[in-house]
$ cat upload.cif   # mmCIF, C-alpha atoms
data_my_file
loop_
_atom_site.label_atom_id
_atom_site.label_comp_id
_atom_site.auth_asym_id
_atom_site.auth_seq_id
_atom_site.Cartn_x
_atom_site.Cartn_y
_atom_site.Cartn_z
CA MET A 96 -32.83 -7.80 -0.22
CA ASN A 97 -29.36 -6.55 -1.25
CA ASP A 98 -26.29 -8.65 -2.03
CA THR A 99 -24.53 -8.18 1.31
CA ALA A 100 -24.90 -11.79 2.47
CA TYR A 101 -23.56 -13.05 -0.85
CA TRP A 102 -20.42 -10.91 -0.54
CA ILE A 103 -19.82 -12.13 3.02
CA THR A 104 -20.23 -15.69 1.78
CA LEU A 105 -17.73 -15.27 -1.07
CA ALA A 106 -15.13 -13.17 0.77
CA HIS A 107 -14.47 -15.65 3.56
CA ILE A 108 -14.21 -19.03 1.85
CA PRO A 109 -11.52 -20.98 3.76
CA GLY A 110 -8.30 -21.34 1.78
CA TRP A 111 -9.25 -18.80 -0.86
CA GLY A 112 -6.96 -15.80 -1.02
CA TYR A 113 -7.64 -12.44 -2.64
CA VAL A 114 -6.12 -13.48 -5.98
CA LYS A 115 -8.38 -16.48 -6.45
CA THR A 116 -11.50 -14.69 -5.23
CA ASN A 117 -10.85 -11.53 -7.22
CA LYS A 118 -10.23 -13.40 -10.45
CA LEU A 119 -13.61 -15.06 -10.04
CA VAL A 120 -15.23 -11.69 -9.25
CA ASN A 121 -13.69 -10.22 -12.38
CA ARG A 122 -15.06 -13.10 -14.46
CA PHE A 123 -18.68 -12.89 -13.33
CA PHE A 124 -18.81 -9.12 -12.94
CA ARG A 125 -16.89 -7.88 -15.98
CA GLU A 126 -16.59 -10.73 -18.44
CA GLN A 127 -20.06 -12.20 -17.92
CA ASN A 128 -21.80 -9.01 -16.71
CA THR A 129 -23.42 -11.06 -13.95
CA SER A 130 -24.30 -10.01 -10.40
CA ILE A 131 -22.93 -11.94 -7.44
CA ARG A 132 -26.44 -13.08 -6.57
CA ALA A 133 -26.98 -14.43 -10.09
CA PHE A 134 -23.60 -16.17 -10.00
CA PHE A 135 -24.37 -18.00 -6.75
CA ASN A 136 -27.74 -19.10 -8.10
CA LEU A 137 -26.31 -20.66 -11.27
CA PRO A 138 -26.47 -24.45 -11.68
CA GLU A 139 -23.21 -26.15 -10.73
CA LYS A 140 -22.77 -27.21 -14.36
CA GLU A 141 -22.45 -23.56 -15.38
CA TRP A 142 -19.82 -22.97 -12.69
CA GLU A 143 -17.89 -25.73 -14.42
CA ASN A 144 -18.63 -24.99 -18.08
CA VAL A 145 -18.80 -21.19 -18.11
CA TYR A 146 -16.31 -20.38 -15.36
CA GLY A 147 -14.07 -23.42 -15.59
CA LEU A 148 -14.21 -24.07 -11.85
CA GLU A 149 -12.56 -27.28 -10.70
CA HIS A 150 -14.42 -29.83 -8.54
CA THR A 151 -12.69 -28.66 -5.33
CA ASP A 152 -13.65 -25.04 -6.00
CA ARG A 153 -17.25 -25.92 -6.74
CA GLU A 154 -17.40 -27.91 -3.51
CA ALA A 155 -15.94 -24.94 -1.61
CA LEU A 156 -18.65 -22.67 -3.03
CA LYS A 157 -21.40 -25.14 -2.12
CA GLU A 158 -20.00 -25.48 1.41
CA ALA A 159 -19.90 -21.68 1.74
CA LEU A 160 -23.56 -21.47 0.68
CA ARG A 161 -24.51 -23.75 3.56
CA ASN A 162 -23.71 -20.77 5.83
CA PHE A 163 -25.77 -18.36 3.74
CA SER A 164 -28.68 -18.14 6.19
CA ALA A 165 -26.29 -17.24 9.00
CA ASN A 166 -24.70 -14.64 6.76
CA GLU A 167 -28.12 -13.12 6.06
CA VAL A 168 -28.59 -12.66 9.81
CA LEU A 169 -25.08 -11.22 10.06
CA ALA A 170 -25.78 -8.82 7.19
CA GLU A 171 -28.85 -7.53 9.00
CA GLN A 172 -26.87 -7.03 12.21
CA LEU A 173 -24.20 -5.10 10.35
CA GLU A 174 -26.82 -2.84 8.80
CA ASN A 175 -28.42 -2.22 12.21
CA GLU A 176 -25.04 -1.18 13.60
CA GLY A 177 -24.41 1.26 10.76
CA ILE A 178 -21.67 -0.84 9.18
CA GLU A 179 -21.45 -0.82 5.39
CA LEU A 180 -19.82 -3.26 2.99
CA ILE A 181 -17.72 -2.05 0.07
CA PRO A 182 -16.93 -4.89 -2.38
CA LEU A 183 -14.20 -4.68 -4.99
CA THR A 184 -16.81 -3.89 -7.67
CA SER A 185 -18.25 -0.87 -5.84
CA PRO A 186 -17.59 2.70 -7.05
CA ASP A 187 -16.95 3.49 -3.37
CA TYR A 188 -13.93 1.16 -3.28
CA PRO A 189 -10.76 3.25 -2.72
CA VAL A 190 -8.83 3.91 -5.91
CA ALA A 191 -5.51 3.99 -4.04
CA LEU A 192 -6.01 0.47 -2.69
CA LYS A 193 -6.61 -0.95 -6.17
CA LYS A 194 -3.66 0.97 -7.60
CA ASN A 195 -1.15 0.09 -4.89
CA PHE A 196 -2.15 -3.56 -4.54
CA ARG A 197 -3.12 -4.06 -8.16
CA GLU A 198 -6.75 -5.06 -8.37
CA THR A 199 -6.06 -8.80 -8.25
CA HIS A 200 -4.33 -8.58 -4.85
CA ALA A 201 -6.61 -5.99 -3.22
CA PRO A 202 -8.95 -7.03 -0.38
CA THR A 203 -12.16 -8.38 -1.90
CA LEU A 204 -14.44 -6.81 0.69
CA LEU A 205 -14.15 -3.87 3.08
CA TYR A 206 -16.28 -3.41 6.20
CA VAL A 207 -16.54 0.27 7.12
CA LYS A 208 -18.28 2.57 9.55
CA GLY A 209 -18.11 6.32 9.21
CA ASN A 210 -17.60 8.78 6.39
CA LYS A 211 -16.68 6.56 3.43
CA GLN A 212 -15.94 9.61 1.27
CA ILE A 213 -12.67 9.79 3.22
CA LEU A 214 -11.52 6.73 1.26
CA GLN A 215 -11.27 8.82 -1.92
CA GLU A 216 -9.09 11.57 -0.40
CA LYS A 217 -5.28 11.74 -0.50
CA ALA A 218 -3.95 9.90 2.52
CA VAL A 219 -0.80 9.74 4.61
CA GLY A 220 0.09 6.52 6.41
CA ILE A 221 1.94 7.04 9.70
CA VAL A 222 3.31 3.88 11.28
CA GLY A 223 5.74 2.81 13.97
CA THR A 224 6.48 0.55 16.86
CA ARG A 225 4.23 0.10 19.87
CA GLU A 226 7.11 0.95 22.24
CA ALA A 227 7.93 4.23 20.54
CA SER A 228 10.21 6.82 22.10
CA GLU A 229 8.97 10.26 23.07
CA LEU A 230 10.91 11.64 20.10
CA SER A 231 9.06 9.31 17.72
CA LEU A 232 5.70 10.28 19.19
CA ARG A 233 6.50 13.98 18.73
CA PHE A 234 7.53 13.27 15.14
CA THR A 235 4.22 11.45 14.64
CA ASP A 236 2.35 14.45 16.00
CA ASN A 237 4.26 16.68 13.56
CA MET A 238 3.43 14.48 10.58
CA ALA A 239 -0.25 14.34 11.54
CA ARG A 240 -0.37 18.12 11.87
CA LYS A 241 1.39 18.51 8.49
CA ALA A 242 -1.11 16.13 6.87
CA THR A 243 -4.14 17.96 8.22
CA LYS A 244 -2.76 21.32 7.07
CA GLU A 245 -2.46 19.84 3.59
CA PHE A 246 -6.03 18.43 3.82
CA LYS A 247 -4.79 14.84 3.72
CA VAL A 248 -6.30 11.94 5.64
CA VAL A 249 -4.16 10.21 8.28
CA VAL A 250 -4.24 6.39 8.09
CA SER A 251 -3.13 4.33 11.08
CA GLY A 252 -3.68 0.95 12.69
CA PHE A 253 -4.97 1.78 16.19
CA ALA A 254 -2.08 -0.03 17.88
CA LYS A 255 -0.46 1.35 21.00
CA GLY A 256 2.32 3.88 20.38
CA VAL A 257 2.75 5.56 17.00
CA ASP A 258 -0.58 4.40 15.49
CA LYS A 259 -2.67 5.71 18.37
CA GLN A 260 -0.69 8.96 18.44
CA ALA A 261 -1.26 9.46 14.71
CA LEU A 262 -5.01 9.05 15.13
CA ASP A 263 -5.35 11.28 18.18
CA SER A 264 -3.14 13.99 16.67
CA ALA A 265 -5.10 14.03 13.41
CA LEU A 266 -8.35 14.51 15.31
CA LYS A 267 -6.74 17.08 17.64
CA TYR A 268 -5.76 19.20 14.64
CA ILE A 269 -9.31 18.95 13.25
CA GLY A 270 -8.28 16.57 10.49
CA GLN A 271 -9.70 13.32 9.17
CA SER A 272 -8.47 9.81 9.86
CA ILE A 273 -8.92 6.15 8.96
CA ILE A 274 -8.48 3.38 11.52
CA VAL A 275 -7.51 0.08 9.87
CA LEU A 276 -8.36 -2.74 12.27
CA PRO A 277 -6.45 -6.02 12.79
CA GLN A 278 -9.76 -7.67 13.80
CA GLY A 279 -13.39 -7.92 12.80
CA ILE A 280 -15.30 -4.65 12.83
CA MET A 281 -17.99 -5.98 15.19
CA THR A 282 -15.36 -6.53 17.91
CA PHE A 283 -14.52 -2.80 18.08
CA ASP A 284 -17.34 -1.84 20.47
CA THR A 285 -15.19 0.15 22.89
CA GLY A 286 -13.54 2.06 20.06
CA PHE A 287 -16.89 2.97 18.53
CA LYS A 288 -18.04 4.35 21.87
CA THR A 289 -14.82 6.32 22.37
CA TYR A 290 -14.88 7.89 18.91
CA ALA A 291 -18.65 8.11 18.37
CA ARG A 292 -18.63 11.89 18.02
CA ASN A 293 -15.76 11.87 15.49
CA ILE A 294 -17.58 9.26 13.41
CA GLU A 295 -20.86 11.18 13.53
CA GLU A 296 -19.12 14.41 12.49
CA GLY A 297 -17.57 12.71 9.46
CA ASP A 298 -13.94 12.96 10.60
CA LEU A 299 -13.29 9.27 11.15
CA LEU A 300 -13.74 6.03 9.26
CA VAL A 301 -13.18 2.59 10.80
CA LEU A 302 -12.24 -0.14 8.32
CA SER A 303 -11.66 -3.89 8.51
CA THR A 304 -10.93 -6.52 5.87
CA PHE A 305 -11.57 -9.49 8.18
CA HIS A 306 -14.71 -11.44 9.06
CA PRO A 307 -16.86 -9.11 11.22
CA ARG A 308 -16.58 -11.32 14.31
CA SER A 309 -12.90 -12.23 13.94
CA PRO A 310 -10.83 -11.56 17.10
CA TRP A 311 -7.39 -9.91 17.05
CA LYS A 312 -4.69 -12.17 15.60
CA SER A 313 -1.00 -11.48 15.07
CA GLU A 314 -1.14 -12.52 11.40
CA GLN A 315 -4.07 -10.15 10.90
CA ALA A 316 -2.03 -7.33 12.43
CA LEU A 317 0.62 -7.91 9.76
CA ALA A 318 -2.00 -8.01 7.01
CA ARG A 319 -3.55 -4.83 8.42
CA ASN A 320 -0.22 -3.01 7.98
CA SER A 321 -0.19 -3.76 4.26
CA VAL A 322 -3.68 -2.24 3.95
CA ILE A 323 -2.43 0.95 5.65
CA TYR A 324 0.33 1.14 3.03
CA GLY A 325 -2.17 0.40 0.28
CA LEU A 326 -4.52 3.21 1.29
CA ALA A 327 -1.73 5.78 1.64
CA ASN A 328 -0.29 8.05 -1.02
CA GLU A 329 2.60 8.83 1.34
CA ILE A 330 4.10 6.63 4.06
CA TYR A 331 6.02 7.89 7.10
CA VAL A 332 7.76 5.57 9.55
CA ALA A 333 8.39 7.16 12.94
CA GLU A 334 10.33 4.29 14.47
CA SER A 335 10.94 0.65 13.66
CA ALA A 336 12.51 -2.31 15.36
CA GLU A 337 14.36 -4.87 13.24
CA THR A 338 11.43 -7.27 13.51
CA GLY A 339 7.66 -6.94 13.83
CA GLY A 340 4.85 -5.34 11.88
CA THR A 341 6.44 -1.94 11.19
CA TRP A 342 9.61 -3.55 9.86
CA SER A 343 7.80 -6.12 7.69
CA GLY A 344 5.43 -3.46 6.36
CA ALA A 345 8.28 -1.13 5.42
CA ILE A 346 10.29 -3.91 3.77
CA ASP A 347 7.22 -5.06 1.84
CA GLY A 348 6.55 -1.48 0.74
CA LEU A 349 10.11 -1.06 -0.50
CA LYS A 350 9.92 -4.36 -2.40
CA LYS A 351 6.78 -3.08 -4.11
CA LYS A 352 8.69 0.09 -5.12
CA ARG A 353 6.66 2.31 -2.78
CA THR A 354 8.35 5.47 -1.51
CA VAL A 355 8.80 5.08 2.24
CA TYR A 356 9.88 8.09 4.34
CA ILE A 357 11.50 7.43 7.68
CA ARG A 358 12.62 9.65 10.52
CA LYS A 359 16.41 9.91 10.57
CA PRO A 360 17.48 8.62 13.99
CA GLU A 361 19.69 10.47 16.46
CA ASP A 362 23.14 8.99 17.02
CA ALA A 363 22.26 7.55 20.44
CA GLU A 364 18.99 5.90 19.37
CA GLU A 365 18.66 2.13 19.33
CA ASN A 366 16.23 1.27 16.54
CA ALA A 367 16.25 0.01 12.96
CA ASN A 368 15.56 3.36 11.26
CA ALA A 369 19.12 3.66 9.91
CA LEU A 370 18.96 0.09 8.60
CA LEU A 371 15.75 0.84 6.70
CA ILE A 372 17.43 3.91 5.19
CA GLU A 373 20.23 1.62 3.96
CA LYS A 374 17.58 -0.61 2.38
CA GLY A 375 16.05 2.27 0.43
CA ALA A 376 13.76 4.26 2.73
CA ILE A 377 14.15 8.02 2.39
CA ALA A 378 15.42 9.83 5.48
CA VAL A 379 13.43 12.85 6.64
CA ASP A 380 14.00 15.33 9.44
CA PHE A 381 11.70 16.06 12.36
CA ASN A 382 9.40 18.12 10.13
CA GLY A 383 9.21 15.56 7.35
CA ASN A 384 11.68 17.32 5.04
CA ILE A 385 13.86 15.03 2.93
CA ILE A 386 17.48 14.88 4.08
CA PRO A 387 19.86 14.67 1.10
CA ASP A 388 21.78 11.40 0.97
CA GLU A 389 25.38 12.62 0.97
CA SER A 390 26.72 9.21 0.00
CA LYS A 391 24.49 9.08 -3.10
CA GLU A 392 25.43 12.63 -4.08
CA ALA A 393 29.11 11.72 -3.73
CA GLN A 394 28.56 8.59 -5.82
CA ARG A 395 26.85 10.57 -8.58
CA ALA A 396 29.71 13.10 -8.65
CA ASP A 397 32.27 10.28 -8.82
CA TYR A 398 30.38 8.49 -11.58
CA GLU A 399 30.05 11.70 -13.60
CA LYS A 400 33.78 12.37 -13.43
CA ARG A 401 34.71 8.82 -14.41
CA ILE A 402 32.15 8.64 -17.26
CA LEU A 403 33.34 11.90 -18.81
CA GLU A 404 36.96 10.76 -18.61
CA LEU A 405 36.04 7.50 -20.35
CA LEU A 406 34.07 9.24 -23.11
CA LYS A 407 37.11 11.35 -23.93
CA THR A 408 38.70 8.14 -25.21
CA GLY A 409 35.87 7.09 -27.51
CA ASP A 410 32.18 6.23 -27.95
CA PHE A 411 30.57 3.62 -25.69
CA THR A 412 27.24 1.92 -25.11
CA VAL A 413 25.57 1.90 -21.70
CA ALA A 414 26.56 -1.75 -21.21
CA GLU A 415 30.18 -0.96 -22.08
CA ILE A 416 30.28 2.01 -19.69
CA THR A 417 28.80 -0.04 -16.86
CA GLY A 418 31.26 -2.88 -17.45
CA LYS A 419 34.41 -0.82 -17.92
CA LEU A 420 33.78 1.40 -14.89
CA GLU A 421 32.16 -1.32 -12.73
CA LEU A 422 29.23 0.96 -11.85
CA HIS A 423 26.72 -0.22 -9.25
CA TRP A 424 23.75 0.94 -11.31
CA SER A 425 21.36 -0.82 -13.64
CA GLU A 426 21.45 0.11 -17.32
CA SER A 427 18.13 1.97 -16.97
CA GLU A 428 19.52 4.02 -14.06
CA LEU A 429 22.63 4.87 -16.08
CA LYS A 430 20.58 5.86 -19.14
CA ALA A 431 18.53 8.25 -17.01
CA PHE A 432 21.72 9.68 -15.52
CA MET A 433 23.33 10.19 -18.94
CA LYS A 434 20.40 12.41 -19.94
CA THR A 435 21.34 14.80 -17.12
CA LEU A 436 24.89 15.34 -18.43
CA PRO A 437 24.97 18.37 -20.78
CA GLU A 438 28.37 17.37 -22.19
CA VAL A 439 27.10 14.04 -23.51
CA GLU A 440 25.27 13.21 -26.74
CA LEU A 441 24.16 10.06 -28.56
CA ALA A 442 26.20 8.80 -31.50
CA GLY A 443 25.16 6.08 -33.92
CA LYS A 444 21.74 5.36 -35.38
CA LYS A 445 21.21 1.65 -34.80
CA VAL A 446 23.24 1.10 -31.63
CA LYS A 447 23.02 3.90 -29.08
CA ARG A 448 26.53 4.95 -28.16
CA TYR A 449 27.40 7.87 -25.94
CA THR A 450 30.05 10.46 -26.72
CA ILE A 451 31.20 13.96 -25.75
CA PHE A 452 29.68 16.80 -27.81
CA ARG A 453 31.93 17.42 -30.80
CA GLN A 454 32.51 21.05 -29.87
CA GLN A 455 33.80 19.73 -26.54
CA LYS A 456 36.44 17.59 -28.26
CA LEU A 457 39.13 20.26 -28.32
CA PHE A 458 41.88 18.39 -26.48
#

$ encode --input "upload.cif" --output "structure tokens"
Amino acid sequence: MNDTAYWITLAHIPGWGYVKTNKLVNRFFREQNTSIRAFFNLPEKEWENVYGLEHTDREALKEALRNFSANEVLAEQLENEGIELIPLTSPDYPVALKKNFRETHAPTLLYVKGNKQILQEKAVGIVGTREASELSLRFTDNMARKATKEFKVVVSGFAKGVDKQALDSALKYIGQSIIVLPQGIMTFDTGFKTYARNIEEGDLLVLSTFHPRSPWKSEQALARNSVIYGLANEIYVAESAETGGTWSGAIDGLKKKRTVYIRKPEDAEENANALLIEKGAIAVDFNGNIIPDESKEAQRADYEKRILELLKTGDFTVAEITGKLELHWSESELKAFMKTLPEVELAGKKVKRYTIFRQQKLF
């Protein structure tokens, strides 16, 4: 018997999030070099003494084990339906998901059906609102076609609108795709029937992070969006409203310093694309090409002129330059910018001060 039932038991303990579960996994798997089966079969005293588990956590584990027999039956059903489990410790676990989430925050267990090798390929996430405009759907089709030409996997969430268009376009252009479900994988019967051929041919993988029998829930749809971002090396937003899953996913991605590309809206469009650009998303044209931010270019030119004028009057540190000129940049941003100015050099050994090259000081 494999460890499938044990992973199901651990991954769905009520009240335990990924951080708590993954820290425990790291302790028994890496620090103690113990299998999950061996961990669950330890005496409670060792859970306390070796792993430092509090009384409430030990009770939660014992309560979870009371469902073990049912999870053994569930594990057998999953196997019969061709569904595999990929725990955090598996070499099949996607590298991108660990990197983008950091291992502590990554989903503990993935349920998948299809070609799991797809998880190791470079991926493009294409997301957008359910009520997408025709323009947004055509943009989605373009991005899916671009991804398949570059041999990249298209990741989407199987929602109406942009997600569904991304999936269907990827398959239309003979590419590969990942469907990330907002529900348990055993509730996707109709989808498995619809895309049976694509799964059999190795072009499609269906993935869920939720309990296999969990129905669709709005909070799971939001969590699903973060997994799409986590699997993707590139993220394209076709269209977003100012609320909802696309918006929250994009904002969360920007907070995590992910690069988020978004279709630049037409003047007459009523959506939140322009607002996301203001918040840091990178505007792209209909073909996914980056549109230069004219305001940022103008700001850089203005800052360069003012910095050079200031340096003609003396030597200054980054903090002094930022303060005197009231620049809206962090010190690290300014340091990086100063390196691009050929007229500027560092003066001083202990305290880094910036100055104009001596041969420039002919005024």

$ closest_atom_pairs --input "upload.cif" --of "region 190-290 of chain A" --to "region 318-341 of chain A" --cutoff "10 Å" --atoms "all atoms listed in the file" --output "tab-separated table"
residue	atom	partner	partner_atom	distance
A:Val190	CA	A:Leu326	CA	8.4
A:Ala191	CA	A:Leu326	CA	5.5
A:Leu192	CA	A:Gly325	CA	4.9
A:Lys193	CA	A:Gly325	CA	7.9
A:Lys194	CA	A:Gly325	CA	8.0
A:Asn195	CA	A:Gly325	CA	5.3
A:Phe196	CA	A:Gly325	CA	6.2
A:Arg197	CA	A:Gly325	CA	9.6
A:Ala201	CA	A:Gly325	CA	8.5
A:Pro202	CA	A:Val322	CA	8.3
A:Leu214	CA	A:Leu326	CA	7.8
A:Gln215	CA	A:Leu326	CA	9.3
A:Glu216	CA	A:Asn328	CA	9.5
A:Lys217	CA	A:Asn328	CA	6.2
A:Ala218	CA	A:Ala327	CA	4.8
A:Val219	CA	A:Glu329	CA	4.8
A:Gly220	CA	A:Ile330	CA	4.6
A:Ile221	CA	A:Tyr331	CA	4.9
A:Val222	CA	A:Val332	CA	5.1
A:Gly223	CA	A:Glu334	CA	4.8
A:Thr224	CA	A:Ser335	CA	5.5
A:Arg225	CA	A:Ser335	CA	9.2
A:Glu226	CA	A:Glu334	CA	9.0
A:Ala227	CA	A:Glu334	CA	6.5
A:Ser228	CA	A:Glu334	CA	8.0
A:Leu230	CA	A:Ala333	CA	8.8
A:Ser231	CA	A:Ala333	CA	5.3
A:Leu232	CA	A:Ala333	CA	7.5
A:Arg233	CA	A:Ala333	CA	9.1
A:Phe234	CA	A:Ala333	CA	6.6
A:Thr235	CA	A:Ala333	CA	6.2
A:Asp236	CA	A:Ala333	CA	9.9
A:Met238	CA	A:Tyr331	CA	7.9
A:Ala242	CA	A:Glu329	CA	9.9
A:Lys247	CA	A:Asn328	CA	9.4
A:Val248	CA	A:Ala327	CA	8.7
A:Val249	CA	A:Ala327	CA	8.3
A:Val250	CA	A:Ile323	CA	6.2
A:Ser251	CA	A:Ile323	CA	6.4
A:Gly252	CA	A:Asn320	CA	7.1
A:Gly256	CA	A:Glu334	CA	10.0
A:Val257	CA	A:Ala333	CA	7.1
A:Asp258	CA	A:Ala333	CA	9.7
A:Ile273	CA	A:Ile323	CA	9.0
A:Ile274	CA	A:Ile323	CA	8.8
A:Val275	CA	A:Arg319	CA	6.5
A:Leu276	CA	A:Arg319	CA	6.5
A:Pro277	CA	A:Arg319	CA	5.4
A:Gln278	CA	A:Arg319	CA	8.7

$ resolve_selection --input "upload.cif" --expression "the PyMOL selection byres ((chain A and resi 279-289) around 6)" --output "list of chain:residue names"
A:Gln278, A:Tyr290, A:Ala291, A:Ser303, A:Phe305, A:His306, A:Pro307, A:Arg308, A:Ser309

$ atom_distance --input "upload.cif" --atom1 "CA of Ser425 (chain A)" --atom2 "CA of Lys359 (chain A)"
26.9 Å

$ atom_distance --input "upload.cif" --atom1 "CA of Glu174 (chain A)" --atom2 "CA of Leu205 (chain A)"
13.9 Å

$ closest_residue --input "upload.cif" --among "A:Ala393, A:Leu420, A:Ala363, A:Leu349" --to "Ile377 (chain A)" --atoms "only C-alpha atoms"
A:Leu349

$ residues_around --input "upload.cif" --residues "region 105-114 of chain A" --least-positions-apart "3" --cutoff "7 Å" --atoms "all atoms listed in the file" --output "ChimeraX atom specification"
/A:101-102,117-118,159,199-204,306

$ atom_distance --input "upload.cif" --atom1 "CA of Thr304 (chain A)" --atom2 "CA of Phe253 (chain A)"
14.5 Å

$ resolve_selection --input "upload.cif" --expression "the PyMOL selection byres ((chain A and resi 181) around 9)" --output "PyMOL selection string"
chain A and resi 179-180+182-188+203-207

$ residues_around --input "upload.cif" --residues "Thr243 (chain A)" --least-positions-apart "3" --cutoff "8 Å" --atoms "all atoms listed in the file" --output "count of residues only"
11

$ resolve_selection --input "upload.cif" --expression "the PyMOL selection byres ((chain A and resi 123-126) around 12)" --output "VMD selection string"
chain A and resid 116 to 122 127 to 135 137 141 to 142 145 to 147 182 to 185

$ write_last_selection --input "upload.cif" --atoms "C-alpha atoms" --output "PDB file, in the frame of the given file"
ATOM      1  CA  THR A 116     -11.500 -14.690  -5.230  1.00  0.00           C
ATOM      2  CA  ASN A 117     -10.850 -11.530  -7.220  1.00  0.00           C
ATOM      3  CA  LYS A 118     -10.230 -13.400 -10.450  1.00  0.00           C
ATOM      4  CA  LEU A 119     -13.610 -15.060 -10.040  1.00  0.00           C
ATOM      5  CA  VAL A 120     -15.230 -11.690  -9.250  1.00  0.00           C
ATOM      6  CA  ASN A 121     -13.690 -10.220 -12.380  1.00  0.00           C
ATOM      7  CA  ARG A 122     -15.060 -13.100 -14.460  1.00  0.00           C
ATOM      8  CA  GLN A 127     -20.060 -12.200 -17.920  1.00  0.00           C
ATOM      9  CA  ASN A 128     -21.800  -9.010 -16.710  1.00  0.00           C
ATOM     10  CA  THR A 129     -23.420 -11.060 -13.950  1.00  0.00           C
ATOM     11  CA  SER A 130     -24.300 -10.010 -10.400  1.00  0.00           C
ATOM     12  CA  ILE A 131     -22.930 -11.940  -7.440  1.00  0.00           C
ATOM     13  CA  ARG A 132     -26.440 -13.080  -6.570  1.00  0.00           C
ATOM     14  CA  ALA A 133     -26.980 -14.430 -10.090  1.00  0.00           C
ATOM     15  CA  PHE A 134     -23.600 -16.170 -10.000  1.00  0.00           C
ATOM     16  CA  PHE A 135     -24.370 -18.000  -6.750  1.00  0.00           C
ATOM     17  CA  LEU A 137     -26.310 -20.660 -11.270  1.00  0.00           C
ATOM     18  CA  GLU A 141     -22.450 -23.560 -15.380  1.00  0.00           C
ATOM     19  CA  TRP A 142     -19.820 -22.970 -12.690  1.00  0.00           C
ATOM     20  CA  VAL A 145     -18.800 -21.190 -18.110  1.00  0.00           C
ATOM     21  CA  TYR A 146     -16.310 -20.380 -15.360  1.00  0.00           C
ATOM     22  CA  GLY A 147     -14.070 -23.420 -15.590  1.00  0.00           C
ATOM     23  CA  PRO A 182     -16.930  -4.890  -2.380  1.00  0.00           C
ATOM     24  CA  LEU A 183     -14.200  -4.680  -4.990  1.00  0.00           C
ATOM     25  CA  THR A 184     -16.810  -3.890  -7.670  1.00  0.00           C
ATOM     26  CA  SER A 185     -18.250  -0.870  -5.840  1.00  0.00           C
TER      27      SER A 185
END

$ closest_residue --input "upload.cif" --among "A:Pro189, A:Ala378, A:Leu422, A:Thr417" --to "Asp397 (chain A)" --atoms "all atoms listed in the file"
A:Leu422

$ closest_residue --input "upload.cif" --among "A:Thr412, A:Val439, A:Pro310, A:Gly348" --to "Glu426 (chain A)" --atoms "only C-alpha atoms"
A:Thr412

$ residues_around --input "upload.cif" --residues "Ala414 (chain A)" --least-positions-apart "5" --cutoff "12 Å" --atoms "all atoms listed in the file" --output "list in words"
Lys419, Leu420, Glu421, Leu422, Trp424, Ser425, Glu426, Ser427, Glu428, Leu429, Lys430, Val446, Lys447, Arg448 and Tyr449 of chain A

$ closest_residue --input "upload.cif" --among "A:Lys267, A:Glu143, A:Glu154, A:Ser164" --to "Ile103 (chain A)" --atoms "all atoms listed in the file"
A:Ser164

$ closest_residue --input "upload.cif" --among "A:Gly177, A:Ser343, A:Ala369, A:Val355" --to "Ala316 (chain A)" --atoms "all atoms listed in the file"
A:Ser343

$ residues_around --input "upload.cif" --residues "Arg395 (chain A)" --least-positions-apart "4" --cutoff "12 Å" --atoms "all atoms listed in the file" --output "list in words"
Asp388, Glu389, Ser390, Lys391, Glu399, Lys400, Arg401, Ile402, Leu422, His423, Trp424, Glu428, Leu429, Phe432, Met433, Thr435 and Leu436 of chain A

$ residues_around --input "upload.cif" --residues "Thr408 (chain A)" --least-positions-apart "4" --cutoff "12 Å" --atoms "only C-alpha atoms" --output "PyMOL selection string"
chain A and resi 401-404+416+449-451+456+458

$ decode --input "upload.cif" --residues "region 127-135 of chain A" --atoms "N, CA and C atoms" --output "tab-separated table (two decimals), in the first residue's frame"
chain	number	residue	atom	x	y	z
A	127	GLN	N	13.99	14.90	10.08
A	127	GLN	CA	14.00	13.59	10.72
A	127	GLN	C	14.15	12.43	9.73
A	128	ASN	N	14.12	12.76	8.42
A	128	ASN	CA	14.24	11.72	7.38
A	128	ASN	C	13.24	10.59	7.61
A	129	THR	N	12.00	10.99	7.87
A	129	THR	CA	10.93	10.04	8.20
A	129	THR	C	9.84	10.12	7.14
A	130	SER	N	9.26	8.99	6.78
A	130	SER	CA	8.15	8.99	5.83
A	130	SER	C	6.88	9.45	6.52
A	131	ILE	N	5.89	9.85	5.74
A	131	ILE	CA	4.62	10.29	6.32
A	131	ILE	C	3.92	9.13	7.04
A	132	ARG	N	4.06	7.94	6.50
A	132	ARG	CA	3.45	6.77	7.15
A	132	ARG	C	4.09	6.54	8.53
A	133	ALA	N	5.44	6.63	8.57
A	133	ALA	CA	6.13	6.42	9.84
A	133	ALA	C	5.76	7.50	10.84
A	134	PHE	N	5.62	8.74	10.35
A	134	PHE	CA	5.25	9.83	11.25
A	134	PHE	C	3.88	9.57	11.90
A	135	PHE	N	2.90	9.19	11.09
A	135	PHE	CA	1.55	8.98	11.62
A	135	PHE	C	1.49	7.79	12.57
